[in-house]
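Novice: Before we start, here is the structure in question, set down as structure tokens.
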Amino acid sequence: MNNLATLIKREAARLGSDLCQIVPVAQAAHSEFYRRWLALGRAGEMGYLERNVEKRENPALLAEDGEPFRSLIVLGVDYHRFDLPPALRDDPSRGIIASYAWGDDYHEIIRPLLHELDGFIRGQSGRTTLGKGLVDTGPVLERDWAMQAGLGFTGKNCCTIHPQRGSWLFLATLLVPEGLAADSAPIPVNLPLFSADAVAAGLPPSINFGGWQLPNLQSPISNPQSPPATCGRCTRCLDACPTDAFVGPFHLDPERCISYWTIESRQPIPRHLRPLFGNRIFGCDICQEVCPWNSRLPERTPQLAGLAARNERIAPPLLEGFAPESPYWLDQTAFSQHFQRSPIKRAKRAGMLRNACVALGNWADPSALPGLALALEDEAALGRGHAAWAIGEILRRHRLPQAGEMLAARLAVEGDPWVREEISAALG
């Protein structure tokens, strides 16, 4: 079905996809690596990553009562708009939001595209059953398939990197029963690497992937014959991560990752990590910002209108969310309205209040005290505890008596043991 594959790619581009490649449905190349990664406890609070592992390994199992799936269409949507100006990024009074969330929720924007593309394919082939479209919400190892199809290679920062578009890509997949002409990967494959802690966890001394035998090294792979369109010897992403979230190349420990704590976690951020977050309140782009493949990319307007950046979501003033006219850090209704259709809602209001308080603590400016005083009275213990930490940072740096008085007054009435611990640590 060479002609149908060509028509599908043309239709995908018309619908707004920047990249489209096709592979046959088979076992995911790095399913063993994924199982070992889970065995190390890397999923953390992301329990969904541990469900349906067999289906993640073999997408054919996602077929239900219809025809078996034979082809997997991988789409890439470029979400790069522009590079954040340093003056904005480095302003501690502003909260930095990962660029993928500057627009509306990409899941809701790309999912209809998949439905339309499947409808187009059914119209061409005469199929009456539905394909299965997934936008990183189902059990599919998207980056494996993107790499297999030649859409990009997996970088040491675990992102899919396209040689011309960099790593600012949303990935989506569409499983269909048609046997379509497949694309072969024109880009050499970077392969996973376990470092010393993996050995301590009982993993074998070396791991074989696709014929490559990789020793368990503590340092990055150094290969003088590294082909083009790989990371080569570059380790900028690993070196730049402020929390040392990378155990080694291709091996991320989410429980040290800013994105994990500010988006996925519903728990208190560990105290020793908070100062390393700076002013990043939702996600983190550092490992992509320093990547050479992302340098000098042109500014662009996304084909899908909903992905266009909204000014109020790029780097909002931290104190804006405590203002009476729209207290979106403090009030659920205001939060839902302000972040309508935004992926930021995934972190929930209490989580975003937590994140904002950490950023305010890192700023440690006395002008933040009125807003933090409100957060110290919030209904969510998560917000109160991090507000106490932030007030403690202001107290530590400026020795303002009112900061200590605020904490002491709250301690006298606080009933949550963890919040009391945070207040006591802040006072100490």
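Letters for chains follow the order of the structure tokens (A, B, ...), residue numbers begin at 1 for each chain, and ligand numbers begin at 1 in the order shown.
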Tell me which protein, DNA and RNA residues are within 10 Å of Asp331 in chain A, counting only C-alpha atoms, leaving out same-chain ones fewer than 3 positions away, and put them as a ChimeraX atom specification.

Specialist: /A:321-322,326-328,334-336,349-350,378-379

Novice: Quick one: contact table of range 50-115 of chain A to range 277-283 of chain A, 10 Å max, nearest atom pair and distance in Å to one decimal per residue, counting only C-alpha atoms, chain and number order, as CSV?

Specialist:
residue,atom,partner,partner_atom,distance
A:Arg89,CA,A:Asn279,CA,8.4
A:Asp90,CA,A:Asn279,CA,8.1
A:Asp91,CA,A:Asn279,CA,8.1
A:Pro92,CA,A:Asn279,CA,5.8
A:Ser93,CA,A:Asn279,CA,7.7
A:Arg94,CA,A:Asn279,CA,6.7
A:Gly95,CA,A:Asn279,CA,5.2
A:Ile96,CA,A:Arg280,CA,4.6
A:Ile97,CA,A:Phe282,CA,4.8
A:Ala98,CA,A:Gly283,CA,5.0
A:Ser99,CA,A:Gly283,CA,8.6
A:Tyr100,CA,A:Gly283,CA,8.9
A:Ala101,CA,A:Phe282,CA,8.4

Novice: Can those selected residues be exported to a file as a short mmCIF file (atom, residue, chain, number, x, y, z; two decimals), in the first residue's frame so that it contains C-alpha atoms?

Specialist:
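File produced: selection-v3.cif:
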data_model
loop_
_atom_site.label_atom_id
_atom_site.label_comp_id
_atom_site.auth_asym_id
_atom_site.auth_seq_id
_atom_site.Cartn_x
_atom_site.Cartn_y
_atom_site.Cartn_z
CA ARG A 89 13.70 33.56 32.23
CA ASP A 90 16.11 34.88 34.86
CA ASP A 91 13.67 37.26 36.57
CA PRO A 92 13.10 35.64 40.00
CA SER A 93 9.81 37.47 40.46
CA ARG A 94 8.29 35.47 37.59
CA GLY A 95 7.32 31.82 37.46
CA ILE A 96 8.69 29.96 34.46
CA ILE A 97 6.33 27.52 32.75
CA ALA A 98 7.62 24.83 30.39
CA SER A 99 7.09 25.91 26.80
CA TYR A 100 4.85 22.96 25.92
CA ALA A 101 2.23 24.48 28.25
#

Novice: Using only C-alpha atoms, which of the listed residues (A:Trp145, A:Phe153, A:Trp293, A:Phe170) sits closest to Asp183 in chain A?

Specialist: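 Nearest candidate to Asp183 in chain A out of A:Trp145, A:Phe153, A:Trp293, A:Phe170: A:Trp145.
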
Novice: Could you list, as a VMD selection string, every residue within 6 Å of range 16-29 of chain A, counting only C-alpha atoms and ignoring same-chain residues fewer than 3 positions away?

Specialist: chain A and resid 9 12 to 13 57 to 58 70 to 77 149 182 to 183 303 to 304

Novice: Please produce a file of the residues just selected, as a PDB file, in the first residue's frame, where the atoms kept are N, CA and C atoms.

Specialist:
ATOM      1  N   LYS A   9       0.396  10.520   4.637  1.00  0.00           N
ATOM      2  CA  LYS A   9       1.353  11.547   5.039  1.00  0.00           C
ATOM      3  C   LYS A   9       0.922  12.928   4.543  1.00  0.00           C
ATOM      4  N   ALA A  12      -1.979  13.980   6.778  1.00  0.00           N
ATOM      5  CA  ALA A  12      -1.496  14.347   8.112  1.00  0.00           C
ATOM      6  C   ALA A  12      -0.915  15.754   8.094  1.00  0.00           C
ATOM      7  N   ALA A  13      -0.165  16.074   7.047  1.00  0.00           N
ATOM      8  CA  ALA A  13       0.406  17.421   6.931  1.00  0.00           C
ATOM      9  C   ALA A  13      -0.702  18.463   6.765  1.00  0.00           C
ATOM     10  N   GLU A  57       4.806  -2.898  25.570  1.00  0.00           N
ATOM     11  CA  GLU A  57       5.843  -3.622  24.843  1.00  0.00           C
ATOM     12  C   GLU A  57       5.386  -4.033  23.453  1.00  0.00           C
ATOM     13  N   ASN A  58       4.106  -4.354  23.319  1.00  0.00           N
ATOM     14  CA  ASN A  58       3.586  -4.857  22.048  1.00  0.00           C
ATOM     15  C   ASN A  58       2.237  -4.214  21.745  1.00  0.00           C
ATOM     16  N   ARG A  70      -1.849  -3.694  12.231  1.00  0.00           N
ATOM     17  CA  ARG A  70      -0.653  -4.086  11.483  1.00  0.00           C
ATOM     18  C   ARG A  70       0.317  -2.933  11.278  1.00  0.00           C
ATOM     19  N   SER A  71      -0.183  -1.704  11.336  1.00  0.00           N
ATOM     20  CA  SER A  71       0.684  -0.539  11.093  1.00  0.00           C
ATOM     21  C   SER A  71       0.512   0.480  12.199  1.00  0.00           C
ATOM     22  N   LEU A  72       1.601   1.167  12.511  1.00  0.00           N
ATOM     23  CA  LEU A  72       1.600   2.215  13.527  1.00  0.00           C
ATOM     24  C   LEU A  72       2.100   3.501  12.873  1.00  0.00           C
ATOM     25  N   ILE A  73       1.246   4.501  12.864  1.00  0.00           N
ATOM     26  CA  ILE A  73       1.581   5.798  12.274  1.00  0.00           C
ATOM     27  C   ILE A  73       2.044   6.717  13.397  1.00  0.00           C
ATOM     28  N   VAL A  74       3.237   7.261  13.259  1.00  0.00           N
ATOM     29  CA  VAL A  74       3.813   8.139  14.279  1.00  0.00           C
ATOM     30  C   VAL A  74       3.789   9.568  13.763  1.00  0.00           C
ATOM     31  N   LEU A  75       3.168  10.445  14.520  1.00  0.00           N
ATOM     32  CA  LEU A  75       3.087  11.854  14.151  1.00  0.00           C
ATOM     33  C   LEU A  75       3.950  12.684  15.089  1.00  0.00           C
ATOM     34  N   GLY A  76       4.553  13.719  14.548  1.00  0.00           N
ATOM     35  CA  GLY A  76       5.301  14.679  15.342  1.00  0.00           C
ATOM     36  C   GLY A  76       4.771  16.076  15.088  1.00  0.00           C
ATOM     37  N   VAL A  77       4.419  16.781  16.156  1.00  0.00           N
ATOM     38  CA  VAL A  77       3.917  18.152  16.044  1.00  0.00           C
ATOM     39  C   VAL A  77       4.926  19.073  16.722  1.00  0.00           C
ATOM     40  N   ALA A 149      10.897   4.559  13.362  1.00  0.00           N
ATOM     41  CA  ALA A 149      10.396   5.041  12.074  1.00  0.00           C
ATOM     42  C   ALA A 149      11.300   6.082  11.437  1.00  0.00           C
ATOM     43  N   ALA A 182       6.174   0.755   5.119  1.00  0.00           N
ATOM     44  CA  ALA A 182       6.856   1.239   6.319  1.00  0.00           C
ATOM     45  C   ALA A 182       8.067   2.081   5.956  1.00  0.00           C
ATOM     46  N   ASP A 183       8.411   2.982   6.857  1.00  0.00           N
ATOM     47  CA  ASP A 183       9.622   3.788   6.741  1.00  0.00           C
ATOM     48  C   ASP A 183      10.724   3.122   7.556  1.00  0.00           C
ATOM     49  N   GLN A 303       1.146  25.249  13.357  1.00  0.00           N
ATOM     50  CA  GLN A 303       0.057  25.031  12.418  1.00  0.00           C
ATOM     51  C   GLN A 303      -1.280  24.886  13.141  1.00  0.00           C
ATOM     52  N   LEU A 304      -1.257  24.284  14.322  1.00  0.00           N
ATOM     53  CA  LEU A 304      -2.479  24.080  15.093  1.00  0.00           C
ATOM     54  C   LEU A 304      -2.676  25.295  16.003  1.00  0.00           C
TER      55      LEU A 304
END

Novice: Ranking A:Ala347, A:Ala172, A:Leu276, A:Ile391 by minimum distance to Thr262 in chain A and counting only C-alpha atoms, which one comes first?

Specialist: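 Smallest distance to Thr262 in chain A is found for A:Ala347.
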
Novice: Could you give me, as a short mmCIF file (atom, residue, chain, number, x, y, z; two decimals) with C-alpha atoms, in the first residue's frame, the residues within 12 Å of Pro370 in chain A, counting only C-alpha atoms and dropping anything in the same chain fewer than 6 positions from it?

Specialist:
data_model
loop_
_atom_site.label_atom_id
_atom_site.label_comp_id
_atom_site.auth_asym_id
_atom_site.auth_seq_id
_atom_site.Cartn_x
_atom_site.Cartn_y
_atom_site.Cartn_z
CA LEU A 319 2.56 37.62 43.02
CA GLU A 320 -0.13 38.12 40.38
CA GLY A 321 -1.83 34.91 41.49
CA PHE A 322 -2.40 36.32 44.98
CA ALA A 323 -4.10 39.53 43.77
CA PRO A 324 -7.72 40.02 44.94
CA LEU A 360 8.85 32.75 46.09
CA LEU A 376 -0.05 30.11 55.07
CA GLU A 377 -3.81 30.06 55.78
CA ALA A 387 4.48 28.80 52.27
CA ALA A 390 9.26 30.32 51.75
CA ILE A 391 8.61 32.65 54.68
CA GLN A 402 7.16 40.06 60.96
CA ALA A 403 8.20 36.92 59.09
CA MET A 406 3.69 35.07 60.99
#

Novice: Could you work out how far CA of Arg274 in chain A lies from CA of Leu88 in chain A, giving the answer in Å with one decimal?

Specialist: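 We find that CA of Leu88 in chain A and CA of Arg274 in chain A lie 20.6 Å from each other.
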
Novice: Please compute the CA of Cys231 in chain A-CA of Gly155 in chain A distance, one decimal, in Å.

Specialist: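 Between CA of Cys231 in chain A and CA of Gly155 in chain A the gap is 6.1 Å.
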
Novice: Which of these, A:Leu175, A:Ala87, A:Met46, A:Leu180, has the shortest distance to Asp118 in chain A once you count only C-alpha atoms?

Specialist: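 Smallest distance to Asp118 in chain A is found for A:Leu175.
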
Novice: Identify, with DSSP run on backbone atoms, the residues in range 2-227 of chain A assigned to helix (DSSP H, G or I), and express the list as a PyMOL selection string.

Specialist: chain A and resi 2-15+31-39+47-50+53-57+59-62+86-89+99-101+106-125+142-149+196-200

Novice: Just to be explicit: take each residue in the selection above, keep C-alpha atoms, and write the result as a JSON list (two decimals), in the first residue's frame.

Specialist:
[["chain", "number", "residue", "atom", "x", "y", "z"],
["A", 2, "ASN", "CA", 2.69, 2.48, -1.01],
["A", 3, "ASN", "CA", 0.19, 4.89, -2.51],
["A", 4, "LEU", "CA", -2.01, 4.89, 0.59],
["A", 5, "ALA", "CA", 1.02, 5.61, 2.82],
["A", 6, "THR", "CA", 1.84, 8.63, 0.66],
["A", 7, "LEU", "CA", -1.76, 9.86, 0.84],
["A", 8, "ILE", "CA", -1.78, 9.43, 4.63],
["A", 9, "LYS", "CA", 1.35, 11.55, 5.04],
["A", 10, "ARG", "CA", -0.09, 14.23, 2.80],
["A", 11, "GLU", "CA", -3.35, 14.27, 4.78],
["A", 12, "ALA", "CA", -1.50, 14.35, 8.11],
["A", 13, "ALA", "CA", 0.41, 17.42, 6.93],
["A", 14, "ARG", "CA", -2.83, 19.08, 5.80],
["A", 15, "LEU", "CA", -4.39, 18.45, 9.21],
["A", 31, "SER", "CA", 10.88, -2.89, 26.26],
["A", 32, "GLU", "CA", 13.50, -4.72, 28.35],
["A", 33, "PHE", "CA", 15.09, -1.41, 29.28],
["A", 34, "TYR", "CA", 11.67, -0.08, 30.25],
["A", 35, "ARG", "CA", 11.04, -3.04, 32.56],
["A", 36, "ARG", "CA", 14.40, -2.59, 34.23],
["A", 37, "TRP", "CA", 13.75, 1.13, 34.64],
["A", 38, "LEU", "CA", 10.47, 0.32, 36.39],
["A", 39, "ALA", "CA", 12.20, -2.27, 38.56],
["A", 47, "GLY", "CA", 1.48, 4.47, 38.75],
["A", 48, "TYR", "CA", 0.02, 4.57, 35.24],
["A", 49, "LEU", "CA", 3.49, 3.79, 33.88],
["A", 50, "GLU", "CA", 3.41, 0.42, 35.64],
["A", 53, "VAL", "CA", 3.32, -3.13, 30.57],
["A", 54, "GLU", "CA", 2.67, -5.95, 28.09],
["A", 55, "LYS", "CA", 0.67, -3.59, 25.89],
["A", 56, "ARG", "CA", 3.42, -0.99, 26.07],
["A", 57, "GLU", "CA", 5.84, -3.62, 24.84],
["A", 59, "PRO", "CA", 0.96, -2.44, 20.64],
["A", 60, "ALA", "CA", -0.74, -5.32, 18.82],
["A", 61, "LEU", "CA", -2.32, -6.17, 22.19],
["A", 62, "LEU", "CA", -4.22, -2.87, 22.11],
["A", 86, "PRO", "CA", 17.06, 35.54, 29.32],
["A", 87, "ALA", "CA", 15.73, 38.73, 30.92],
["A", 88, "LEU", "CA", 12.38, 37.01, 31.37],
["A", 89, "ARG", "CA", 13.70, 33.56, 32.23],
["A", 99, "SER", "CA", 7.09, 25.91, 26.80],
["A", 100, "TYR", "CA", 4.85, 22.96, 25.92],
["A", 101, "ALA", "CA", 2.23, 24.48, 28.25],
["A", 106, "TYR", "CA", -2.03, 19.52, 23.32],
["A", 107, "HIS", "CA", -3.90, 16.30, 24.10],
["A", 108, "GLU", "CA", -7.20, 17.95, 23.26],
["A", 109, "ILE", "CA", -5.76, 19.58, 20.14],
["A", 110, "ILE", "CA", -3.98, 16.59, 18.60],
["A", 111, "ARG", "CA", -6.57, 13.92, 19.48],
["A", 112, "PRO", "CA", -9.16, 15.26, 16.94],
["A", 113, "LEU", "CA", -6.40, 15.27, 14.32],
["A", 114, "LEU", "CA", -5.91, 11.53, 14.88],
["A", 115, "HIS", "CA", -9.65, 10.90, 14.60],
["A", 116, "GLU", "CA", -9.79, 12.82, 11.31],
["A", 117, "LEU", "CA", -6.76, 11.01, 9.95],
["A", 118, "ASP", "CA", -8.28, 7.65, 10.83],
["A", 119, "GLY", "CA", -11.50, 8.70, 9.10],
["A", 120, "PHE", "CA", -9.51, 9.60, 5.99],
["A", 121, "ILE", "CA", -7.80, 6.20, 6.00],
["A", 122, "ARG", "CA", -11.13, 4.40, 6.42],
["A", 123, "GLY", "CA", -12.49, 6.35, 3.48],
["A", 124, "GLN", "CA", -9.57, 5.23, 1.34],
["A", 125, "SER", "CA", -9.45, 1.57, 2.39],
["A", 142, "GLU", "CA", 6.09, 6.61, 21.61],
["A", 143, "ARG", "CA", 9.77, 7.52, 21.55],
["A", 144, "ASP", "CA", 10.71, 3.95, 20.66],
["A", 145, "TRP", "CA", 8.41, 4.05, 17.65],
["A", 146, "ALA", "CA", 9.48, 7.56, 16.64],
["A", 147, "MET", "CA", 13.07, 6.33, 16.63],
["A", 148, "GLN", "CA", 12.17, 3.10, 14.82],
["A", 149, "ALA", "CA", 10.40, 5.04, 12.07],
["A", 196, "ALA", "CA", 26.80, 2.03, 38.65],
["A", 197, "ASP", "CA", 23.64, 2.26, 40.72],
["A", 198, "ALA", "CA", 21.95, -0.11, 38.29],
["A", 199, "VAL", "CA", 24.58, -2.72, 39.05],
["A", 200, "ALA", "CA", 23.93, -2.26, 42.76]]

Novice: Taking only C-alpha atoms into account, which of A:Pro417, A:Pro254, A:Gly179, A:Pro268 comes nearest Leu382 in chain A?

Specialist: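 Smallest distance to Leu382 in chain A is found for A:Pro268.
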
Novice: As a list of chain:residue names, please: the residues near Gln164 in chain A (cut-off 10 Å, only C-alpha atoms, same-chain neighbours under 5 positions excluded).

Specialist: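 Near neighbours after the sequence-gap exclusion: A:Gly152, A:Ala229, A:Trp293, A:Asn294, A:Leu297.
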
Novice: Find the residues near range 341-345 of chain A: any atom within 7 Å, counting only C-alpha atoms, skip ones fewer than 5 places away on the same chain, and give them as a list in words.

Specialist: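 After dropping sequence-adjacent residues, the list is Ala101, Gly103, Asp104 and Asp105 of chain A.
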
Novice: How many Å lie between CA of Pro270 in chain A and CA of Glu255 in chain A, rounded to one decimal?

Specialist: 9.6 Å
